[in-house]
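Undergrad: Provided herewith is a single structure, encoded as structure tokens, for subsequent inquiry.
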Amino acid sequence: MIGLLQRVTEASVRVDGEMIASINKGIVVLVGVERGDTEAEADRLLERLLGYRVFADDAGKMNLSLRDIKGDLLLVPQFTLPADTRKGTRPGFSTAAEPADGEFLFKYLIRQAQKSYSEVTFGRFGADMQVALVNDGPVTFWLQVSPQNGSVR
């Protein structure tokens, strides 16, 4: 499972012109589900997202997590993240989870996030979304929990 984490000052998601989610200071995470991912990968990714230290402490060092600053979390499903881009000029999606599996795990991730954190909002799986954000820094990190052995990159 992949989480492309971006530290933001604000962000929003629109579907058909309607704003369905918005946050202030926090993180936006584009979430890609890979073949073979399970609830275990979703749990590990969530643990990393909530605890990843991307916010500055009083000394200006990235030592504070989303939990530490009590920031907002916006989860956005992103089918294209697991794409195979190693050759050619068109991405392949054989490494992405089947849509039903991806939707199940994305919704599972949302439920788990809501159980363990209070400021959670999310995009809509399968929708044509317009995501707007102000990346603070810019700060962006690729977090990946491997479905084979649970390792994290």
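Each chain of the structure tokens is named A, B, ... in the order shown, its residues numbered from 1; ligands are numbered from 1 in display order.
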Please, which residues of segment 1-150 of chain A, numbered as in this document, come out alpha helix (DSSP H) from DSSP, as number ranges by chain?
TA: A: 39-51, 66-69, 99-116
Undergrad: Could you save those same residues with N, CA and C atoms as a tab-separated table (two decimals), in the first residue's frame?
TA:
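Printed below is result.tsv as written:
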```tsv
chain	number	residue	atom	x	y	z
A	39	GLU	N	-5.51	-5.82	5.17
A	39	GLU	CA	-5.75	-4.91	6.28
A	39	GLU	C	-4.45	-4.65	7.05
A	40	ALA	N	-3.56	-5.62	7.09
A	40	ALA	CA	-2.29	-5.44	7.80
A	40	ALA	C	-1.47	-4.31	7.20
A	41	GLU	N	-1.43	-4.22	5.88
A	41	GLU	CA	-0.69	-3.13	5.23
A	41	GLU	C	-1.38	-1.79	5.49
A	42	ALA	N	-2.71	-1.79	5.47
A	42	ALA	CA	-3.44	-0.55	5.75
A	42	ALA	C	-3.18	-0.08	7.18
A	43	ASP	N	-3.19	-1.01	8.13
A	43	ASP	CA	-2.93	-0.65	9.52
A	43	ASP	C	-1.52	-0.08	9.69
A	44	ARG	N	-0.55	-0.72	9.06
A	44	ARG	CA	0.84	-0.25	9.17
A	44	ARG	C	1.01	1.11	8.52
A	45	LEU	N	0.38	1.31	7.36
A	45	LEU	CA	0.47	2.61	6.70
A	45	LEU	C	-0.15	3.69	7.57
A	46	LEU	N	-1.31	3.43	8.15
A	46	LEU	CA	-1.96	4.42	9.00
A	46	LEU	C	-1.08	4.77	10.19
A	47	GLU	N	-0.48	3.76	10.80
A	47	GLU	CA	0.43	4.00	11.92
A	47	GLU	C	1.55	4.95	11.51
A	48	ARG	N	2.11	4.71	10.35
A	48	ARG	CA	3.19	5.56	9.85
A	48	ARG	C	2.69	6.98	9.56
A	49	LEU	N	1.53	7.11	8.93
A	49	LEU	CA	1.00	8.42	8.57
A	49	LEU	C	0.75	9.29	9.80
A	50	LEU	N	0.15	8.71	10.82
A	50	LEU	CA	-0.18	9.49	12.01
A	50	LEU	C	1.05	9.83	12.84
A	51	GLY	N	2.10	9.02	12.73
A	51	GLY	CA	3.29	9.24	13.53
A	51	GLY	C	4.48	9.82	12.79
A	66	LEU	N	1.63	14.44	12.91
A	66	LEU	CA	0.27	14.95	12.80
A	66	LEU	C	-0.42	14.88	14.16
A	67	ARG	N	-0.22	13.77	14.88
A	67	ARG	CA	-0.81	13.64	16.22
A	67	ARG	C	-0.29	14.73	17.15
A	68	ASP	N	1.01	15.01	17.08
A	68	ASP	CA	1.61	16.01	17.97
A	68	ASP	C	0.99	17.39	17.78
A	69	ILE	N	0.74	17.76	16.52
A	69	ILE	CA	0.21	19.11	16.27
A	69	ILE	C	-1.31	19.14	16.22
A	99	PRO	N	-10.46	-3.09	-8.53
A	99	PRO	CA	-11.26	-2.01	-7.95
A	99	PRO	C	-12.00	-2.38	-6.66
A	100	ALA	N	-12.62	-3.55	-6.60
A	100	ALA	CA	-13.36	-3.94	-5.40
A	100	ALA	C	-12.42	-4.07	-4.20
A	101	ASP	N	-11.23	-4.63	-4.42
A	101	ASP	CA	-10.25	-4.76	-3.34
A	101	ASP	C	-9.73	-3.39	-2.91
A	102	GLY	N	-9.45	-2.54	-3.89
A	102	GLY	CA	-8.98	-1.19	-3.58
A	102	GLY	C	-10.00	-0.41	-2.79
A	103	GLU	N	-11.26	-0.49	-3.17
A	103	GLU	CA	-12.31	0.23	-2.45
A	103	GLU	C	-12.45	-0.31	-1.03
A	104	PHE	N	-12.45	-1.63	-0.90
A	104	PHE	CA	-12.56	-2.24	0.43
A	104	PHE	C	-11.44	-1.74	1.35
A	105	LEU	N	-10.19	-1.78	0.86
A	105	LEU	CA	-9.07	-1.38	1.72
A	105	LEU	C	-9.03	0.12	1.97
A	106	PHE	N	-9.44	0.92	1.00
A	106	PHE	CA	-9.49	2.37	1.23
A	106	PHE	C	-10.53	2.68	2.30
A	107	LYS	N	-11.70	2.07	2.22
A	107	LYS	CA	-12.74	2.30	3.23
A	107	LYS	C	-12.31	1.74	4.59
A	108	TYR	N	-11.60	0.64	4.58
A	108	TYR	CA	-11.06	0.10	5.83
A	108	TYR	C	-10.09	1.11	6.45
A	109	LEU	N	-9.20	1.68	5.63
A	109	LEU	CA	-8.25	2.67	6.11
A	109	LEU	C	-8.97	3.86	6.74
A	110	ILE	N	-10.03	4.32	6.10
A	110	ILE	CA	-10.83	5.43	6.64
A	110	ILE	C	-11.40	5.05	8.01
A	111	ARG	N	-12.01	3.88	8.10
A	111	ARG	CA	-12.62	3.45	9.37
A	111	ARG	C	-11.58	3.37	10.48
A	112	GLN	N	-10.43	2.81	10.16
A	112	GLN	CA	-9.37	2.69	11.16
A	112	GLN	C	-8.86	4.06	11.57
A	113	ALA	N	-8.72	4.96	10.60
A	113	ALA	CA	-8.25	6.32	10.90
A	113	ALA	C	-9.25	7.02	11.82
A	114	GLN	N	-10.54	6.87	11.53
A	114	GLN	CA	-11.56	7.52	12.35
A	114	GLN	C	-11.61	6.96	13.76
A	115	LYS	N	-11.25	5.69	13.92
A	115	LYS	CA	-11.23	5.08	15.26
A	115	LYS	C	-10.08	5.62	16.10
A	116	SER	N	-8.96	5.94	15.44
A	116	SER	CA	-7.77	6.31	16.21
A	116	SER	C	-7.38	7.78	16.12
```
Undergrad: Got a sec: who's within 6 Å of Val76 of chain A, counting only C-alpha atoms, leaving out chain neighbours fewer than 2 positions off, as a ChimeraX atom specification?
TA: /A:30-31,122-123
Undergrad: How close does each residue of segment 36-143 of chain A get to segment 7-24 of chain A, giving the shortest atom pair and distance in Å to one decimal for every residue with an atom at most 8 Å away, counting only C-alpha atoms, sorted by chain and residue number, as CSV?
TA:
```
residue,atom,partner,partner_atom,distance
A:Val54,CA,A:Arg7,CA,7.1
A:Phe55,CA,A:Arg7,CA,7.9
A:Gly71,CA,A:Asn24,CA,7.6
A:Asp72,CA,A:Ile23,CA,5.9
A:Leu73,CA,A:Ile23,CA,7.3
A:Leu74,CA,A:Ile23,CA,6.9
A:Thr121,CA,A:Ala21,CA,6.0
A:Phe122,CA,A:Ala21,CA,6.1
A:Gly123,CA,A:Val13,CA,6.3
A:Ala127,CA,A:Val15,CA,6.9
A:Asp128,CA,A:Val15,CA,6.3
A:Met129,CA,A:Val15,CA,5.0
A:Gln130,CA,A:Arg14,CA,5.1
A:Val131,CA,A:Val13,CA,4.6
A:Ala132,CA,A:Ser12,CA,5.3
A:Leu133,CA,A:Ala11,CA,4.0
A:Val134,CA,A:Val8,CA,5.4
A:Asn135,CA,A:Val8,CA,4.4
A:Asp136,CA,A:Val8,CA,4.8
A:Gly137,CA,A:Arg7,CA,7.6
A:Pro138,CA,A:Arg7,CA,7.3
A:Val139,CA,A:Arg7,CA,5.5
A:Thr140,CA,A:Arg7,CA,6.6
```
Undergrad: Let's have the selection written as a compact mmCIF listing (two decimals), in the first residue's frame, with C-alpha atoms.
TA:
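Wrote it out as out_16.txt, contents follow:
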```
# COMPACT_ATOMS: atom_id res chain seq x y z
CA VAL A 54 6.95 16.19 9.13
CA PHE A 55 6.08 19.28 11.19
CA GLY A 71 -3.58 18.59 12.51
CA ASP A 72 -6.11 17.44 9.93
CA LEU A 73 -5.88 14.27 7.83
CA LEU A 74 -7.30 14.07 4.30
CA THR A 121 -11.85 13.46 6.10
CA PHE A 122 -11.60 11.73 2.74
CA GLY A 123 -12.18 11.71 -0.98
CA ALA A 127 -15.05 9.45 -8.41
CA ASP A 128 -13.56 12.04 -10.73
CA MET A 129 -12.15 14.31 -8.03
CA GLN A 130 -10.53 17.72 -8.18
CA VAL A 131 -8.00 17.97 -5.38
CA ALA A 132 -6.65 21.40 -4.44
CA LEU A 133 -3.91 21.88 -1.90
CA VAL A 134 -1.27 24.27 -0.68
CA ASN A 135 1.83 22.13 -0.06
CA ASP A 136 3.71 23.60 2.87
CA GLY A 137 7.46 23.58 2.27
CA PRO A 138 6.98 21.85 -0.10
CA VAL A 139 7.12 18.67 1.96
CA THR A 140 6.21 15.39 0.25
```
Undergrad: Which residue is closest to Gln78 of chain A? Choose from A:Phe125, A:Tyr52, A:Phe93, A:Trp142 and count only C-alpha atoms.
TA: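 Among A:Phe125, A:Tyr52, A:Phe93, A:Trp142, it is A:Phe125 that comes nearest to Gln78 of chain A.
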Undergrad: For the strand (DSSP E or B) assignment from backbone DSSP, which residues of segment 5-145 of chain A qualify? Please present them as number ranges by chain.
TA: A: 5-15, 18-23, 26-32, 34, 55-56, 62-64, 72-77, 84, 92, 96, 120-122, 129-145
Undergrad: Using only C-alpha atoms, which of A:Lys70, A:Leu64, A:Leu75, A:Ala96 sits nearest Gln6 of chain A?
TA: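 Nearest to Gln6 of chain A: A:Leu75.
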Undergrad: Expressed in Å to a single decimal, how great is the separation between atom CA of Met62 of chain A and atom CA of Lys25 of chain A?
TA: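 Atom CA of Lys25 of chain A lies 15.0 Å from atom CA of Met62 of chain A.
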Undergrad: For a test of reading the model, state the distance in Å between atom CA of Val29 of chain A and atom CA of Arg124 of chain A, rounded to one decimal.
TA: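 Atom-to-atom, atom CA of Val29 of chain A and atom CA of Arg124 of chain A are spaced 13.2 Å apart.
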